[in-house]
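Source file: query-v9.cif. Holds: mmCIF, C-alpha atoms.
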data_protein
#
loop_
_atom_site.label_atom_id
_atom_site.label_comp_id
_atom_site.auth_asym_id
_atom_site.auth_seq_id
_atom_site.Cartn_x
_atom_site.Cartn_y
_atom_site.Cartn_z
CA MET A 98 88.50 134.00 79.74
CA PHE A 99 91.60 132.67 81.50
CA SER A 100 93.00 136.16 82.05
CA ASN A 101 90.29 136.62 84.67
CA LEU A 102 91.67 133.80 86.81
CA PRO A 103 93.71 134.69 89.90
CA GLU A 104 97.30 133.55 90.30
CA PRO A 105 97.32 130.03 91.71
CA THR A 106 98.27 129.38 95.31
CA LEU A 107 100.59 126.48 96.02
CA ASP A 108 99.27 123.45 97.86
CA PRO A 109 100.76 123.71 101.38
CA ILE A 110 101.84 120.05 101.47
CA LEU A 111 102.39 118.87 97.91
CA SER A 112 104.48 121.93 97.03
CA LEU A 113 106.94 120.92 99.77
CA SER A 114 107.80 117.74 97.87
CA VAL A 115 108.84 119.77 94.83
CA ALA A 116 110.97 122.11 96.93
CA TYR A 117 112.54 119.15 98.75
CA ARG A 118 113.50 117.38 95.52
CA GLU A 119 115.13 120.55 94.20
CA ASP A 120 117.11 121.18 97.40
CA PRO A 121 120.77 120.18 96.77
CA ARG A 122 121.76 119.96 100.46
CA PRO A 123 122.78 116.40 101.37
CA GLU A 124 121.48 116.63 104.95
CA LYS A 125 117.90 117.44 103.88
CA VAL A 126 114.99 115.67 105.61
CA ASP A 127 111.43 115.53 104.30
CA LEU A 128 108.90 115.58 107.16
CA GLY A 129 106.19 117.16 105.02
CA ILE A 130 104.19 114.86 102.79
CA GLY A 131 102.55 111.93 104.56
CA VAL A 132 104.33 108.83 103.31
CA TYR A 133 105.97 106.06 105.29
CA LYS A 134 109.73 105.59 104.86
CA ASN A 135 111.83 102.69 106.03
CA SER A 136 115.24 102.88 107.73
CA ALA A 137 116.88 103.48 104.35
CA GLY A 138 114.65 106.49 103.71
CA GLU A 139 112.65 104.70 101.02
CA THR A 140 108.91 104.25 100.60
CA PRO A 141 108.93 100.56 99.68
CA ILE A 142 106.44 98.39 97.87
CA MET A 143 105.17 96.02 100.54
CA GLN A 144 106.03 92.36 100.03
CA ALA A 145 102.37 91.34 100.05
CA VAL A 146 101.64 93.96 97.40
CA ALA A 147 104.53 92.77 95.21
CA LEU A 148 103.34 89.17 95.45
CA ALA A 149 99.76 90.19 94.71
CA GLN A 150 100.96 92.24 91.75
CA ASN A 151 102.66 89.19 90.25
CA LYS A 152 99.47 87.22 90.73
CA VAL A 153 97.33 89.91 89.11
CA VAL A 154 99.67 90.18 86.12
CA GLU A 155 99.61 86.41 85.65
CA THR A 156 95.84 86.03 85.91
CA GLN A 157 94.33 89.24 84.57
CA LYS A 158 93.18 88.75 80.98
CA THR A 159 91.63 92.12 80.14
CA LYS A 160 91.77 95.83 80.77
CA SER A 161 88.11 96.31 79.95
CA TYR A 162 85.89 98.51 82.14
CA VAL A 163 85.10 97.19 85.60
CA GLY A 164 82.03 99.33 86.37
CA LEU A 165 80.93 102.53 88.06
CA ALA A 166 81.24 101.02 91.54
CA GLY A 167 84.74 99.72 90.83
CA CYS A 168 85.67 96.23 91.98
CA GLU A 169 82.80 94.83 94.05
CA GLU A 170 85.03 92.17 95.62
CA PHE A 171 87.28 94.99 96.80
CA ASN A 172 84.26 96.86 98.17
CA GLN A 173 83.11 93.83 100.14
CA ALA A 174 86.62 93.16 101.46
CA MET A 175 86.96 96.77 102.61
CA LYS A 176 83.60 96.68 104.38
CA THR A 177 84.84 93.70 106.40
CA LEU A 178 88.27 95.22 107.03
CA VAL A 179 86.75 98.45 108.36
CA LEU A 180 83.62 97.14 110.12
CA GLY A 181 84.70 93.64 111.07
CA GLU A 182 81.85 91.21 111.67
CA SER A 183 79.42 93.95 112.66
CA ASN A 184 75.73 93.14 112.50
CA VAL A 185 75.16 96.28 110.37
CA LEU A 186 77.01 95.01 107.30
CA ASP A 187 73.76 94.14 105.55
CA ARG A 188 72.73 97.80 105.55
CA VAL A 189 76.07 99.19 104.39
CA SER A 190 76.74 99.95 100.74
CA ALA A 191 80.16 100.79 99.28
CA ILE A 192 81.78 102.06 96.12
CA GLN A 193 85.45 102.15 95.18
CA THR A 194 86.79 105.70 94.81
CA PRO A 195 90.00 107.38 93.57
CA GLY A 196 91.62 107.50 96.99
CA ALA A 197 89.97 108.58 100.23
CA SER A 198 89.87 112.16 98.94
CA GLY A 199 87.70 110.89 96.09
CA GLY A 200 85.54 109.20 98.71
CA LEU A 201 85.27 112.44 100.67
CA ARG A 202 84.10 114.28 97.57
CA MET A 203 81.59 111.62 96.55
CA LEU A 204 80.08 111.55 100.03
CA GLY A 205 80.10 115.34 100.15
CA ASP A 206 78.18 115.41 96.87
CA LEU A 207 75.78 112.80 98.25
CA ILE A 208 75.12 114.93 101.34
CA LYS A 209 74.43 117.94 99.11
CA VAL A 210 71.82 116.00 97.14
CA ALA A 211 70.20 114.24 100.11
CA GLN A 212 70.28 117.10 102.60
CA PRO A 213 71.21 120.35 100.81
CA ASN A 214 71.28 122.61 103.88
CA SER A 215 73.77 120.49 105.79
CA THR A 216 76.68 121.93 107.70
CA VAL A 217 79.75 119.70 108.02
CA TRP A 218 81.53 120.10 111.36
CA ILE A 219 85.27 119.36 111.22
CA SER A 220 87.92 119.38 113.92
CA ASN A 221 90.14 122.39 114.51
CA PRO A 222 92.69 121.64 113.17
CA SER A 223 91.83 119.02 110.56
CA TYR A 224 93.19 117.37 107.42
CA VAL A 225 93.99 120.21 105.04
CA ASN A 226 91.68 118.80 102.34
CA HIS A 227 88.54 118.41 104.48
CA LYS A 228 87.33 122.00 104.26
CA PRO A 229 87.99 122.61 100.53
CA VAL A 230 86.44 119.28 99.50
CA MET A 231 83.26 119.87 101.51
CA GLU A 232 83.00 123.45 100.27
CA ALA A 233 83.57 122.31 96.69
CA ALA A 234 80.57 120.02 97.17
CA GLY A 235 78.55 123.13 98.07
CA LEU A 236 78.35 122.44 101.81
CA LYS A 237 78.82 124.82 104.72
CA VAL A 238 81.74 124.02 107.04
CA LYS A 239 81.99 124.73 110.74
CA TYR A 240 84.75 123.86 113.21
CA TYR A 241 84.57 122.16 116.57
CA ARG A 242 87.38 122.60 119.08
CA TYR A 243 89.67 119.59 119.27
CA PHE A 244 93.33 120.17 120.10
CA CYS A 245 94.75 121.98 123.13
CA SER A 246 97.88 123.82 122.01
CA ALA A 247 99.19 123.96 125.60
CA THR A 248 98.95 120.24 126.44
CA LYS A 249 99.25 118.97 122.83
CA GLN A 250 96.36 116.61 123.60
CA VAL A 251 92.68 116.36 122.68
CA ASP A 252 90.52 118.87 124.54
CA ALA A 253 87.67 116.39 124.97
CA GLY A 254 85.50 118.71 127.03
CA ALA A 255 85.62 121.50 124.46
CA MET A 256 85.10 119.02 121.62
CA LEU A 257 81.97 117.52 123.17
CA GLU A 258 80.64 120.95 124.14
CA ASP A 259 80.85 122.12 120.53
CA ILE A 260 79.50 118.92 118.97
CA ALA A 261 76.52 119.12 121.31
CA HIS A 262 75.36 122.08 119.19
CA ALA A 263 75.21 119.97 116.00
CA GLY A 264 71.64 119.15 115.01
CA LYS A 265 69.65 116.93 112.67
CA ASP A 266 70.74 118.79 109.54
CA ASP A 267 74.41 118.55 110.47
CA ILE A 268 77.26 116.17 109.69
CA VAL A 269 80.08 115.65 112.21
CA LEU A 270 83.32 114.56 110.56
CA LEU A 271 85.64 112.51 112.76
CA HIS A 272 89.10 111.03 112.19
CA GLY A 273 88.89 107.25 112.66
CA CYS A 274 92.38 107.11 114.19
CA CYS A 275 95.81 108.77 113.90
CA HIS A 276 94.37 112.29 113.71
CA ASN A 277 95.80 114.38 110.88
CA PRO A 278 97.60 116.71 111.56
CA THR A 279 97.96 116.41 115.35
CA GLY A 280 98.42 112.70 116.04
CA ALA A 281 96.21 113.16 119.13
CA ASP A 282 93.32 110.68 119.12
CA ILE A 283 90.06 110.53 121.04
CA ASP A 284 89.73 107.49 123.29
CA PHE A 285 86.96 104.90 123.24
CA GLU A 286 84.95 106.69 125.90
CA ILE A 287 84.79 109.81 123.73
CA TRP A 288 83.62 107.69 120.78
CA GLN A 289 80.82 106.47 123.03
CA GLN A 290 79.89 109.99 124.09
CA VAL A 291 79.86 111.32 120.51
CA THR A 292 77.66 108.35 119.57
CA GLN A 293 75.21 109.27 122.32
CA LEU A 294 75.15 112.88 121.09
CA ALA A 295 74.40 111.66 117.56
CA LEU A 296 71.49 109.61 118.87
CA LYS A 297 70.21 112.49 121.00
CA ASN A 298 70.65 115.36 118.52
CA GLY A 299 70.17 113.55 115.24
CA PHE A 300 73.37 114.58 113.44
CA THR A 301 75.05 112.14 111.06
CA PRO A 302 78.58 110.94 111.86
CA PHE A 303 81.09 110.92 108.99
CA VAL A 304 84.33 109.04 109.69
CA ASP A 305 87.48 109.53 107.62
CA PHE A 306 89.49 106.34 108.21
CA ALA A 307 92.77 106.88 106.38
CA TYR A 308 95.29 105.22 108.71
CA GLN A 309 93.82 101.94 109.95
CA GLY A 310 96.65 99.87 111.42
CA PHE A 311 99.06 102.76 111.95
CA GLY A 312 97.83 103.66 115.45
CA ASP A 313 97.43 100.70 117.81
CA GLY A 314 96.68 97.96 115.26
CA LEU A 315 94.06 97.02 112.67
CA GLU A 316 91.35 95.94 115.10
CA GLN A 317 92.16 98.40 117.87
CA ASP A 318 92.09 101.38 115.50
CA ALA A 319 88.60 100.43 114.33
CA ALA A 320 87.06 99.95 117.79
CA GLY A 321 85.50 103.41 118.12
CA LEU A 322 84.19 103.49 114.56
CA ARG A 323 82.68 100.02 114.92
CA TYR A 324 80.98 100.93 118.19
CA MET A 325 79.45 103.97 116.54
CA ALA A 326 78.30 101.99 113.49
CA ASP A 327 76.62 99.42 115.74
CA HIS A 328 74.55 102.11 117.49
CA VAL A 329 73.61 104.85 115.02
CA GLU A 330 70.99 104.63 112.27
CA GLU A 331 72.99 106.39 109.57
CA MET A 332 76.69 106.98 109.04
CA LEU A 333 79.19 107.88 106.33
CA ILE A 334 82.69 106.38 106.08
CA THR A 335 85.60 106.83 103.74
CA ALA A 336 88.71 104.67 103.96
CA SER A 337 92.09 104.69 102.24
CA CYS A 338 94.57 102.01 101.18
CA SER A 339 97.34 104.55 100.59
CA LYS A 340 99.05 104.14 103.94
CA ASN A 341 98.29 100.64 105.23
CA PHE A 342 98.88 98.99 101.83
CA GLY A 343 101.47 101.53 100.65
CA LEU A 344 99.42 102.22 97.51
CA TYR A 345 99.85 105.99 97.48
CA ARG A 346 100.00 106.59 93.73
CA GLU A 347 97.35 103.98 92.92
CA ARG A 348 94.62 106.16 94.50
CA THR A 349 92.68 103.33 96.11
CA GLY A 350 89.84 104.26 98.43
CA VAL A 351 86.27 103.41 99.32
CA ALA A 352 83.14 105.35 100.29
CA MET A 353 80.56 103.62 102.49
CA VAL A 354 77.03 104.52 103.53
CA LEU A 355 75.28 103.00 106.53
CA GLY A 356 71.53 103.41 106.05
CA GLN A 357 68.55 102.88 108.32
CA SER A 358 67.67 99.93 106.09
CA GLN A 359 69.30 97.89 103.37
CA GLN A 360 67.09 99.65 100.84
CA ASP A 361 68.24 103.08 102.04
CA ALA A 362 71.86 102.00 101.71
CA MET A 363 71.27 100.75 98.17
CA ASN A 364 69.43 103.96 97.24
CA ALA A 365 72.45 105.91 98.46
CA LYS A 366 74.75 103.69 96.42
CA GLY A 367 72.65 104.31 93.33
CA LYS A 368 72.97 108.05 93.78
CA LEU A 369 76.71 107.73 94.39
CA LEU A 370 77.06 105.89 91.09
CA THR A 371 75.21 108.70 89.32
CA LEU A 372 77.50 111.25 90.94
CA ALA A 373 80.58 109.20 90.04
CA ARG A 374 79.44 108.98 86.43
CA ALA A 375 79.34 112.77 86.24
CA THR A 376 82.75 113.16 87.91
CA TYR A 377 85.32 110.46 87.02
CA THR A 378 83.00 107.68 85.74
CA MET A 379 85.11 104.79 87.05
CA PRO A 380 87.91 104.53 89.59
CA PRO A 381 91.35 103.13 88.65
CA ASP A 382 91.43 99.35 88.97
CA HIS A 383 95.00 98.28 89.72
CA GLY A 384 95.22 99.19 93.41
CA ALA A 385 91.83 97.66 94.17
CA ALA A 386 92.84 94.47 92.34
CA LEU A 387 95.91 94.22 94.57
CA VAL A 388 93.98 94.79 97.81
CA LYS A 389 91.28 92.31 96.79
CA THR A 390 93.95 89.73 95.94
CA ILE A 391 95.65 90.18 99.30
CA LEU A 392 92.47 90.08 101.39
CA GLN A 393 91.10 87.01 99.58
CA ASP A 394 94.29 84.99 100.12
CA ASN A 395 95.01 83.88 103.70
CA GLU A 396 98.76 83.64 103.16
CA LEU A 397 99.00 87.09 101.55
CA THR A 398 96.76 88.55 104.23
CA GLN A 399 99.06 87.26 106.95
CA ILE A 400 102.16 88.60 105.18
CA TRP A 401 100.45 91.99 104.85
CA ARG A 402 99.35 92.04 108.50
CA ASP A 403 102.85 91.19 109.68
CA GLU A 404 104.34 93.95 107.53
CA LEU A 405 101.78 96.46 108.74
CA ASP A 406 102.43 95.50 112.36
CA SER A 407 106.15 96.05 111.79
CA MET A 408 105.51 99.50 110.32
CA GLN A 409 103.24 100.44 113.23
CA SER A 410 105.80 99.20 115.78
CA ARG A 411 108.56 101.16 114.07
CA LEU A 412 106.52 104.37 114.27
CA VAL A 413 106.18 103.82 118.03
CA LEU A 414 109.93 103.27 118.31
CA LEU A 415 110.72 106.39 116.25
CA ARG A 416 108.57 108.51 118.55
CA ALA A 417 110.27 107.03 121.60
CA ALA A 418 113.74 107.53 120.13
CA LEU A 419 113.05 111.17 119.26
CA CYS A 420 111.76 111.90 122.77
CA GLU A 421 114.75 110.08 124.28
CA GLU A 422 117.07 112.24 122.18
CA PHE A 423 115.44 115.38 123.57
CA ARG A 424 115.61 114.09 127.14
CA ASN A 425 119.09 112.54 127.19
CA GLN A 426 121.03 114.77 124.83
CA HIS A 427 119.24 118.07 125.40
CA SER A 428 117.86 117.63 128.95
CA THR A 429 114.29 118.61 128.08
CA ASN A 430 110.95 116.89 128.59
CA ASP A 431 109.10 119.52 126.58
CA PHE A 432 108.58 117.16 123.68
CA ASP A 433 107.29 114.12 125.58
CA PHE A 434 103.88 114.71 124.00
CA ILE A 435 105.29 113.27 120.76
CA GLN A 436 105.40 109.83 122.37
CA THR A 437 101.70 109.97 123.32
CA HIS A 438 100.54 110.72 119.77
CA LYS A 439 99.63 108.01 117.28
CA GLY A 440 100.22 107.32 113.62
CA MET A 441 102.29 109.35 111.23
CA PHE A 442 101.90 112.92 112.44
CA THR A 443 102.62 115.25 115.32
CA VAL A 444 102.06 118.99 115.63
CA LEU A 445 104.99 120.80 117.24
CA GLY A 446 103.03 123.98 117.84
CA TYR A 447 105.63 126.05 115.99
CA THR A 448 104.89 129.22 114.05
CA PRO A 449 105.22 129.42 110.26
CA GLN A 450 108.37 131.46 110.85
CA GLN A 451 109.94 128.70 112.93
CA ILE A 452 108.99 126.10 110.32
CA ALA A 453 110.54 128.33 107.65
CA ARG A 454 113.78 128.45 109.67
CA LEU A 455 113.83 124.64 109.84
CA ARG A 456 113.66 124.57 106.06
CA GLU A 457 116.02 127.47 105.31
CA GLU A 458 118.70 126.82 107.94
CA PHE A 459 118.55 123.04 108.33
CA ALA A 460 116.91 121.69 105.12
CA ILE A 461 114.16 120.10 107.21
CA TYR A 462 110.84 120.30 105.40
CA ALA A 463 107.65 120.44 107.48
CA VAL A 464 104.16 121.83 106.90
CA GLY A 465 103.62 125.48 107.83
CA ASP A 466 101.06 124.64 110.52
CA GLY A 467 103.79 122.85 112.49
CA ARG A 468 102.93 119.29 111.45
CA ILE A 469 105.82 116.88 111.10
CA ASN A 470 105.63 113.40 109.63
CA ILE A 471 107.24 110.99 112.09
CA ALA A 472 107.02 108.30 109.40
CA GLY A 473 109.37 110.38 107.26
CA LEU A 474 112.20 110.04 109.80
CA THR A 475 115.00 107.54 109.63
CA GLU A 476 116.86 106.49 112.74
CA ARG A 477 119.99 108.32 111.61
CA ASP A 478 118.00 111.57 111.19
CA ILE A 479 116.89 111.76 114.81
CA PRO A 480 119.89 113.55 116.41
CA TYR A 481 120.04 116.10 113.58
CA VAL A 482 116.29 116.77 113.60
CA ALA A 483 116.09 117.06 117.40
CA ASN A 484 118.95 119.55 117.44
CA ALA A 485 117.36 121.63 114.67
CA ILE A 486 113.95 121.68 116.37
CA LEU A 487 115.54 123.03 119.54
CA LYS A 488 117.61 125.57 117.63
CA VAL A 489 114.50 127.24 116.21
CA SER A 490 112.38 126.94 119.38
#

Serialized structure, structure tokens:
Amino acid sequence: MFSNLPEPTLDPILSLSVAYREDPRPEKVDLGIGVYKNSAGETPIMQAVALAQNKVVETQKTKSYVGLAGCEEFNQAMKTLVLGESNVLDRVSAIQTPGASGGLRMLGDLIKVAQPNSTVWISNPSYVNHKPVMEAAGLKVKYYRYFCSATKQVDAGAMLEDIAHAGKDDIVLLHGCCHNPTGADIDFEIWQQVTQLALKNGFTPFVDFAYQGFGDGLEQDAAGLRYMADHVEEMLITASCSKNFGLYRERTGVAMVLGQSQQDAMNAKGKLLTLARATYTMPPDHGAALVKTILQDNELTQIWRDELDSMQSRLVLLRAALCEEFRNQHSTNDFDFIQTHKGMFTVLGYTPQQIARLREEFAIYAVGDGRINIAGLTERDIPYVANAILKVS
């Protein structure tokens, strides 16, 4: 039966990591896969995570099953981290998932069961996994305009015009902050306007919140999402601990459902557990145990917040330094948009051919759609990368 299968296509992002590792050139720079690197070019274990890990090792007495929902203390901690002290917490249910992608799939499956004819609207462009995950769940996918290739900013007018066509059977998927791949975020006013459209038209907002703390800060990044949650009747949220806790390989995420009532939220959780049982049964425990340990300990929480603030500040400085390199050493303001973007990513607007030249001629690895990972830069890389970007422009 396997002879009938087509030849596999390489993942556009993960395959870059393999090619990068095999590249022998000493000057190579990986701006492809979305991981944070420090000034030494390493993706470190955060101090708070290391301390929590020691604590978990010392106190954990069993590796027995935790349960279909994962660690409930983790789930509660993540609800508070994402939603703050919102008055809707009592009608929000949550389950731990294998990363935010696992959360996306579980919520996609839930939509398919609860509202089979749903169409999921996603931004153009969007995270490369959004469309395939929603389609794998059996849902239709439609795009709304989002990014203006000329200004390299959000085209808010076009976005709102398209979303206005979403109706009661539709789901509108939004990036909570640090839009992937563009780095261009909607402002608070747009969050308010999308919320009003949801109330008027009856569509359900679905927020993918993968980078909390990497944009403007933990609380600031959640402001739009929290406003929306406080005003709509129903909402879906998935959040990741990969970036802000540095737990990439631990696959630590959460899926949340805001229901019209507490009972609705619990009904949704029950269905999610049934879906999880038929998919992966239980999520991995270790990452959730670390996050729970950090968020339940005031000292560890403060250490983690300070580390996260330092990472966020460094991303801002890297953007500024790259733009300064273009301006001062190459006399061009054409890349100033990079400094206005937030989080890990920026889209250069380059063609696949130009991105291929970066890789082939300069050993700089970036995604074919023109996305570069600012968090993959080190300070010493900046002159070399700026020069290469201009050479292929």

Counting all atoms listed in the file, which residues in region 304-330 of chain A sit no more than 10 Å from region 400-421 of chain A? For each one, give the nearest pair of atoms and the distance in Å, sorted by chain then residue number, as a Markdown table.
| residue | atom | partner | partner_atom | distance |
| --- | --- | --- | --- | --- |
| A:Gln309 | CA | A:Leu405 | CA | 9.7 |
| A:Gly310 | CA | A:Leu405 | CA | 6.7 |
| A:Phe311 | CA | A:Gln409 | CA | 4.9 |
| A:Gly312 | CA | A:Gln409 | CA | 6.7 |
| A:Asp313 | CA | A:Gln409 | CA | 7.4 |
| A:Gly314 | CA | A:Asp406 | CA | 6.9 |
| A:Leu315 | CA | A:Arg402 | CA | 8.4 |

**Study point:** Best match for closeness to Asp266 (chain A) among A:Ala211, A:Ala233, A:Ala116, A:Tyr224, counting only C-alpha atoms
**Key:**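 Checking each of A:Ala211, A:Ala233, A:Ala116, A:Tyr224 against Asp266 (chain A), counting only C-alpha atoms, the winner is A:Ala211.
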
Check your understanding: If you measure from CA of Met332 (chain A) to CA of Tyr345 (chain A), what distance in Å do you get, rounded to one decimal?
Key ->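 Answer for the CA of Met332 (chain A) to CA of Tyr345 (chain A) separation: 25.9 Å.
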
Using only the atoms of region 337-348 of chain A listed in the file, plus 3 Å on each side, state the axis-aligned box centre and edge lengths in Å rounded to one decimal, as JSON.
{"center_x": 96.8, "center_y": 102.8, "center_z": 99.1, "size_x": 15.4, "size_y": 13.6, "size_z": 18.3}

Review point. Care to translate the PyMOL selection byres ((chain A and resi 329) around 9) into actual residues of this file, as a PyMOL selection string?
Key: chain A and resi 292-293+295-296+301-302+324-328+330-332+355+357

Check your understanding: Mind listing as a PyMOL selection string all residues within 9 Å of (99.7, 105.4, 91.0), counting all atoms listed in the file?
Key -> chain A and resi 344-349+381+383-384

Write a file of the just-selected residues containing C-alpha atoms, as a compact mmCIF listing (two decimals), in the frame of the given file.
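Final output, selection07.txt:
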# COMPACT_ATOMS: atom_id res chain seq x y z
CA LEU A 344 99.42 102.22 97.51
CA TYR A 345 99.85 105.99 97.48
CA ARG A 346 100.00 106.59 93.73
CA GLU A 347 97.35 103.98 92.92
CA ARG A 348 94.62 106.16 94.50
CA THR A 349 92.68 103.33 96.11
CA PRO A 381 91.35 103.13 88.65
CA HIS A 383 95.00 98.28 89.72
CA GLY A 384 95.22 99.19 93.41

Taking 6 positions as the minimum chain separation for residues in the same chain, which residues sit within 9 Å of Leu322 (chain A) when counting only C-alpha atoms? Answer as a PDB file with C-alpha atoms, in the coordinates of the input.
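Okay, this is what ended up in part_16.pdb:
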ATOM      1  CA  VAL A 179      86.750  98.450 108.360  1.00  0.00           C
ATOM      2  CA  LEU A 180      83.620  97.140 110.120  1.00  0.00           C
ATOM      3  CA  GLY A 273      88.890 107.250 112.660  1.00  0.00           C
ATOM      4  CA  CYS A 274      92.380 107.110 114.190  1.00  0.00           C
ATOM      5  CA  TRP A 288      83.620 107.690 120.780  1.00  0.00           C
ATOM      6  CA  VAL A 304      84.330 109.040 109.690  1.00  0.00           C
ATOM      7  CA  PHE A 306      89.490 106.340 108.210  1.00  0.00           C
TER       8      PHE A 306
END

Check your understanding: So which residues get picked by the PyMOL selection byres ((chain A and resi 260) around 10) here, written as a list in words?
Key ->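 Written out, the selection comes to Trp218, Ile219, Ser220, Tyr240, Tyr241, Arg242, Ala255, Met256, Leu257, Glu258, Asp259, Ala261, His262, Ala263, Gly264, Asp267, Ile268, Val269, Val291, Leu294, Ala295, Asn298 and Phe300 of chain A.
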
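Distance annotation: of A:Lys176, A:Arg188, A:Lys152, A:Lys488, the residue with the minimal separation from Gly356 (chain A) is A:Arg188; atom set is all atoms listed in the file.
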
Exercise for review: Can you pull out every residue within 8 Å of Ala253 (chain A), counting all atoms listed in the file, but drop anything in the same chain fewer than 5 positions away, and send it as a ChimeraX atom specification?
Suggested key: /A:243,283,287

Revision key, fill the gap. Using all atoms listed in the file, the best pick from A:Gln317, A:Gln393, A:Thr335, A:Gln250 as closest to Leu270 (chain A) would be A:Thr335

**Study point:** Residues in the PyMOL selection byres ((chain A and resi 376) around 12), expressed as a PyMOL selection string
**Key:** chain A and resi 165+194-195+199-200+202-203+206+234+369-375+377-380
